[in-house]
>>> print(open('coords_14.pdb').read())   # PDB, C-alpha atoms and all ligand atoms
ATOM      1  CA  MET I   1      16.529 -11.244  -0.229
ATOM      2  CA  SER I   2      19.086 -12.915  -2.452
ATOM      3  CA  ASP I   3      19.985 -12.529  -6.135
ATOM      4  CA  GLY I   4      17.113 -12.953  -8.545
ATOM      5  CA  GLU I   5      14.492 -12.297  -5.882
ATOM      6  CA  ARG I   6      12.296  -9.297  -6.467
ATOM      7  CA  VAL I   7       9.245  -7.331  -5.539
ATOM      8  CA  ALA I   8       6.218  -6.828  -7.802
ATOM      9  CA  ILE I   9       4.634  -3.369  -7.689
ATOM     10  CA  LEU I  10       1.041  -3.137  -8.905
ATOM     11  CA  ASP I  11       0.553   0.391 -10.205
ATOM     12  CA  PHE I  12      -2.836   1.928  -9.418
ATOM     13  CA  GLY I  13      -1.841   5.298 -10.827
ATOM     14  CA  ALA I  14      -0.149   7.042  -7.911
ATOM     15  CA  GLN I  15       2.023   9.992  -8.885
ATOM     16  CA  TYR I  16       4.712   8.408  -6.711
ATOM     17  CA  GLY I  17       4.637   4.937  -8.289
ATOM     18  CA  LYS I  18       8.133   5.405  -9.666
ATOM     19  CA  VAL I  19       9.284   6.607  -6.238
ATOM     20  CA  ILE I  20       8.191   3.302  -4.688
ATOM     21  CA  ASP I  21      10.121   1.498  -7.423
ATOM     22  CA  ARG I  22      13.239   3.593  -6.817
ATOM     23  CA  ARG I  23      13.069   3.223  -3.030
ATOM     24  CA  VAL I  24      12.851  -0.571  -3.283
ATOM     25  CA  ARG I  25      15.856  -0.600  -5.623
ATOM     26  CA  GLU I  26      17.797   1.650  -3.233
ATOM     27  CA  LEU I  27      17.366  -1.163  -0.687
ATOM     28  CA  ARG I  28      19.207  -3.354  -3.224
ATOM     29  CA  VAL I  29      16.076  -5.326  -3.990
ATOM     30  CA  GLN I  30      15.004  -5.685  -7.602
ATOM     31  CA  SER I  31      11.509  -4.520  -8.424
ATOM     32  CA  GLU I  32       9.217  -4.549 -11.387
ATOM     33  CA  MET I  33       6.082  -2.484 -11.998
ATOM     34  CA  PHE I  34       2.950  -4.123 -13.382
ATOM     35  CA  PRO I  35      -0.436  -2.800 -14.491
ATOM     36  CA  LEU I  36      -3.139  -3.016 -11.825
ATOM     37  CA  ASN I  37      -5.000  -5.880 -13.517
ATOM     38  CA  THR I  38      -2.019  -8.248 -13.312
ATOM     39  CA  THR I  39      -3.074 -11.578 -11.821
ATOM     40  CA  ALA I  40      -1.449 -13.425  -8.938
ATOM     41  CA  ARG I  41      -1.034 -16.376 -11.291
ATOM     42  CA  HIS I  42       0.958 -14.257 -13.768
ATOM     43  CA  ILE I  43       3.280 -13.038 -11.013
ATOM     44  CA  GLN I  44       3.788 -16.587  -9.791
ATOM     45  CA  GLU I  45       4.409 -17.911 -13.305
ATOM     46  CA  LEU I  46       7.118 -15.299 -13.843
ATOM     47  CA  GLY I  47       8.778 -16.617 -10.671
ATOM     48  CA  GLY I  48      11.229 -15.047  -8.228
ATOM     49  CA  PHE I  49       8.797 -12.567  -6.674
ATOM     50  CA  LYS I  50       8.935 -12.549  -2.878
ATOM     51  CA  ALA I  51       6.470  -9.758  -2.115
ATOM     52  CA  ILE I  52       3.840  -7.547  -3.715
ATOM     53  CA  ILE I  53       3.326  -3.807  -3.215
ATOM     54  CA  ILE I  54       0.008  -2.251  -4.252
ATOM     55  CA  SER I  55       0.383   1.468  -4.914
ATOM     56  CA  GLY I  56      -2.020   4.293  -4.219
ATOM     57  CA  GLY I  57      -4.168   5.906  -6.857
ATOM     58  CA  PRO I  58      -6.605   8.746  -7.453
ATOM     59  CA  ASN I  59      -9.779   6.681  -7.042
ATOM     60  CA  SER I  60     -11.963   5.899  -4.069
ATOM     61  CA  VAL I  61     -12.698   2.216  -3.471
ATOM     62  CA  TYR I  62     -16.416   3.033  -3.581
ATOM     63  CA  ALA I  63     -16.322   5.027  -6.830
ATOM     64  CA  THR I  64     -18.142   3.637  -9.860
ATOM     65  CA  ASN I  65     -15.571   1.703 -11.847
ATOM     66  CA  ALA I  66     -13.056   1.846  -8.995
ATOM     67  CA  PRO I  67     -10.075  -0.202 -10.143
ATOM     68  CA  MET I  68     -10.102  -3.720  -8.726
ATOM     69  CA  ILE I  69      -7.365  -6.189  -8.042
ATOM     70  CA  ASP I  70      -7.189  -9.939  -8.504
ATOM     71  CA  PRO I  71      -8.376 -11.168  -5.038
ATOM     72  CA  GLU I  72      -5.901 -14.052  -5.313
ATOM     73  CA  ILE I  73      -3.147 -11.501  -4.722
ATOM     74  CA  PHE I  74      -4.110 -11.866  -1.034
ATOM     75  CA  THR I  75      -4.179 -15.661  -0.968
ATOM     76  CA  CYS I  76      -1.200 -16.507  -3.174
ATOM     77  CA  GLY I  77       1.168 -16.781  -0.209
ATOM     78  CA  LEU I  78       3.270 -13.660  -0.843
ATOM     79  CA  PRO I  79       3.381 -10.818   1.706
ATOM     80  CA  VAL I  80       1.466  -7.771   0.441
ATOM     81  CA  LEU I  81       2.095  -4.112   1.309
ATOM     82  CA  GLY I  82      -0.793  -1.828   0.372
ATOM     83  CA  ILE I  83      -0.126   1.913   0.186
ATOM     84  CA  CYS I  84      -2.993   4.477   0.197
ATOM     85  CA  TYR I  85      -5.581   3.192  -2.314
ATOM     86  CA  GLY I  86      -3.781  -0.165  -2.296
ATOM     87  CA  PHE I  87      -4.189  -0.396   1.450
ATOM     88  CA  GLN I  88      -7.832   0.728   1.333
ATOM     89  CA  LEU I  89      -8.602  -1.894  -1.314
ATOM     90  CA  MET I  90      -6.797  -4.556   0.710
ATOM     91  CA  ASN I  91      -8.803  -3.659   3.803
ATOM     92  CA  LYS I  92     -12.119  -3.732   1.934
ATOM     93  CA  LEU I  93     -11.435  -7.032   0.159
ATOM     94  CA  ASN I  94     -10.458  -8.670   3.428
ATOM     95  CA  GLY I  95     -13.675  -7.850   5.267
ATOM     96  CA  GLY I  96     -13.102  -4.295   6.489
ATOM     97  CA  SER I  97     -14.514  -1.063   5.129
ATOM     98  CA  VAL I  98     -13.357   2.405   4.129
ATOM     99  CA  SER I  99     -15.035   5.671   5.052
ATOM    100  CA  ARG I 100     -14.977   9.131   3.538
ATOM    101  CA  GLU I 101     -13.572  11.715   5.960
ATOM    102  CA  GLN I 102     -14.917  15.264   6.369
ATOM    103  CA  VAL I 103     -11.413  16.638   5.996
ATOM    104  CA  ARG I 104      -8.810  15.477   3.507
ATOM    105  CA  GLU I 105      -5.172  15.105   4.500
ATOM    106  CA  ASP I 106      -2.894  16.458   1.787
ATOM    107  CA  GLY I 107       0.718  17.415   2.159
ATOM    108  CA  ALA I 108       3.005  17.094   5.163
ATOM    109  CA  CYS I 109       1.191  15.405   8.050
ATOM    110  CA  GLU I 110       2.283  13.994  11.351
ATOM    111  CA  ILE I 111       1.641  10.310  11.942
ATOM    112  CA  GLU I 112       2.047   8.110  15.010
ATOM    113  CA  VAL I 113       4.037   4.969  14.336
ATOM    114  CA  ASP I 114       4.313   1.723  16.284
ATOM    115  CA  ASN I 115       8.026   1.331  15.728
ATOM    116  CA  SER I 116       8.080  -2.043  17.468
ATOM    117  CA  ALA I 117       6.468  -3.329  14.245
ATOM    118  CA  LEU I 118       9.108  -4.778  11.896
ATOM    119  CA  LEU I 119       7.879  -2.638   8.991
ATOM    120  CA  PHE I 120       8.659   0.549  10.921
ATOM    121  CA  ASN I 121      11.874  -0.568  12.588
ATOM    122  CA  GLY I 122      14.158   2.457  13.028
ATOM    123  CA  LEU I 123      11.453   5.123  12.680
ATOM    124  CA  GLN I 124      10.587   7.614  15.415
ATOM    125  CA  PRO I 125       7.229   7.211  17.266
ATOM    126  CA  THR I 126       6.101  10.358  15.453
ATOM    127  CA  GLU I 127       7.068  10.984  11.829
ATOM    128  CA  THR I 128       6.178  13.654   9.281
ATOM    129  CA  VAL I 129       5.138  12.129   5.961
ATOM    130  CA  LEU I 130       3.442  13.235   2.749
ATOM    131  CA  LEU I 131      -0.189  12.140   2.577
ATOM    132  CA  THR I 132      -2.917  12.654   0.020
ATOM    133  CA  HIS I 133      -6.207  11.029   0.873
ATOM    134  CA  GLY I 134      -9.835  11.676   1.721
ATOM    135  CA  ASP I 135     -10.801   8.109   2.629
ATOM    136  CA  SER I 136      -9.670   6.325   5.750
ATOM    137  CA  VAL I 137      -9.680   3.121   7.768
ATOM    138  CA  SER I 138     -10.114   3.277  11.542
ATOM    139  CA  GLN I 139     -10.148   0.852  14.459
ATOM    140  CA  ALA I 140     -13.885   0.397  13.808
ATOM    141  CA  THR I 141     -13.462  -0.423  10.120
ATOM    142  CA  VAL I 142     -10.177  -2.303   9.956
ATOM    143  CA  ALA I 143     -10.424  -5.835   8.512
ATOM    144  CA  PRO I 144     -10.555  -8.767  10.969
ATOM    145  CA  GLY I 145      -7.027  -9.994  11.720
ATOM    146  CA  PHE I 146      -5.411  -6.712  10.658
ATOM    147  CA  LYS I 147      -3.602  -4.619  13.269
ATOM    148  CA  ILE I 148      -3.208  -0.842  13.076
ATOM    149  CA  ILE I 149       0.484   0.069  13.387
ATOM    150  CA  ALA I 150       0.363   3.712  12.256
ATOM    151  CA  LYS I 151      -2.224   6.439  12.336
ATOM    152  CA  SER I 152      -2.666   9.962  11.094
ATOM    153  CA  GLY I 153      -5.079  12.656  12.143
ATOM    154  CA  HIS I 154      -3.004  15.715  12.931
ATOM    155  CA  HIS I 155      -2.319  18.182  10.169
ATOM    156  CA  VAL I 156       0.992  20.000  10.499
ATOM    157  CA  ALA I 157       1.052  21.771   7.130
TER
HETATM  158  N1  LIG I 201      -3.345   8.422  -2.125
HETATM  159  C1  LIG I 201      -4.323   7.626  -2.474
HETATM  160  O1  LIG I 201      -4.123   6.522  -2.957
HETATM  161  C2  LIG I 201      -5.704   8.167  -2.268
HETATM  162  C3  LIG I 201      -6.769   7.110  -2.280
HETATM  163  C4  LIG I 201      -8.192   7.720  -2.244
HETATM  164  N2  LIG I 201      -8.429   8.429  -3.466
HETATM  165  C5  LIG I 201      -8.353   8.640  -1.045
HETATM  166  O2  LIG I 201      -8.580   9.814  -1.231
HETATM  167  O3  LIG I 201      -8.298   8.213   0.091
END
>>> encode(input="coords_14.pdb", output="C-alpha cells", more="lines below")
Ligand SMILES: NC(=O)CC[C@H](N)C(=O)O
Amino acid sequence: MSDGERVAILDFGAQYGKVIDRRVRELRVQSEMFPLNTTARHIQELGGFKAIIISGGPNSVYATNAPMIDPEIFTCGLPVLGICYGFQLMNKLNGGSVSREQVREDGACEIEVDNSALLFNGLQPTETVLLTHGDSVSQATVAPGFKIIAKSGHHVA
C-alpha cells in the first residue's frame, strides 16, 4: 500500500482489537478502528481505505441480539478479513452456517495452515496460535465460493 492508504477495522468487542490495530501499523499500514455498525458507505465516503478487517467478539452469531454488520461491507469491492466472530458472521451472511461445538478451544492451540495461500505466506504448515471460540465453520458449513485455508481441532494447552 502507498501513503494515505489504510485499513478499516470494525470492532466487535474482541479483547485483542487493539492488537489487530497495532499489528497492522507494525506492517507500516495505517489503520483506523470503527464501531461495528459503521456502514460500507461511510468507509467509502471517508476514502483511502483499501481493506476491511472485522474483529472477533464475545457473541455467537445465533445469539439473540447478536451484533450485525452492514451486508454491503461484503459487496463494496474492498477485500475483507474476518477474524473469529467476524469470520463467522461473514460466513453466515454469505450463505454458510456456523455450528456450536461440544468442546471450546481456548488458549494455545495448534492449527494446520495452507501456507501456499497468500494470507499465510511465510508461516509453517502447523502453527500454535491463541484461540477463544465455541462456534465453528467446517467443510460442510463453509459458504459457497469460500475455501478453507486453515483449520484447528487439536488442543495443545
Ligand atoms: N473469538 C471470538 O470472536 C468468539 C466468537 C464466538 N463467541 C465463539 O465462541 O465462537
>>> closest_residue(input="coords_14.pdb", among="I:Ala63, I:Leu81, I:Met33, I:Ala40", to="I:Val19", atoms="all atoms listed in the file")
I:Met33
>>> atom_distance(input="coords_14.pdb", atom1="atom CA of I:Leu93", atom2="atom CA of I:Gln139")
16.4 Å
>>> residues_around(input="coords_14.pdb", residues="stretch 124-132 of chain I", least_positions_apart="3", cutoff="10 Å", atoms="only C-alpha atoms", output="VMD selection string")
chain I and resid 56 to 58 84 104 to 116 120 to 121 135 150 to 152 155 to 157
>>> resolve_selection(input="coords_14.pdb", expression="the PyMOL selection byres (((not hetatm)) within 12 of (chain I and resi 201))", output="ChimeraX atom specification")
/I:11-17,54-63,66-67,82-90,98-107,130-137
>>> residues_around(input="coords_14.pdb", residues="I:Val80", least_positions_apart="4", cutoff="10 Å", atoms="all atoms listed in the file", output="list in words")
Val7, Ala8, Ile9, Lys50, Ala51, Ile52, Ile53, Ile54, Ile73, Phe74, Thr75, Cys76, Gly86, Phe87 and Met90 of chain I
>>> closest_residue(input="coords_14.pdb", among="I:Ile43, I:Gly77, I:Ile69, I:Gly96", to="I:Lys147", atoms="only C-alpha atoms")
I:Gly96
>>> closest_residue(input="coords_14.pdb", among="I:Ile20, I:Val142, I:Ala117, I:Leu10", to="I:Met68", atoms="only C-alpha atoms")
I:Leu10
>>> atom_distance(input="coords_14.pdb", atom1="atom CA of I:Gly47", atom2="atom CA of I:Lys92")
27.6 Å
>>> axis_aligned_box(input="coords_14.pdb", around="stretch 58-63 of chain I", padding_each_side="3 Å", output="lines of an AutoDock Vina configuration file")
center_x = -11.5
center_y = 5.5
center_z = -5.5
size_x = 15.8
size_y = 12.5
size_z = 10.0
>>> closest_residue(input="coords_14.pdb", among="I:Val29, I:Leu78, I:Asn65, I:Asp21", to="I:Gln44", atoms="only C-alpha atoms")
I:Leu78
>>> atom_distance(input="coords_14.pdb", atom1="atom CA of I:Leu36", atom2="atom CA of I:Lys18")
14.2 Å
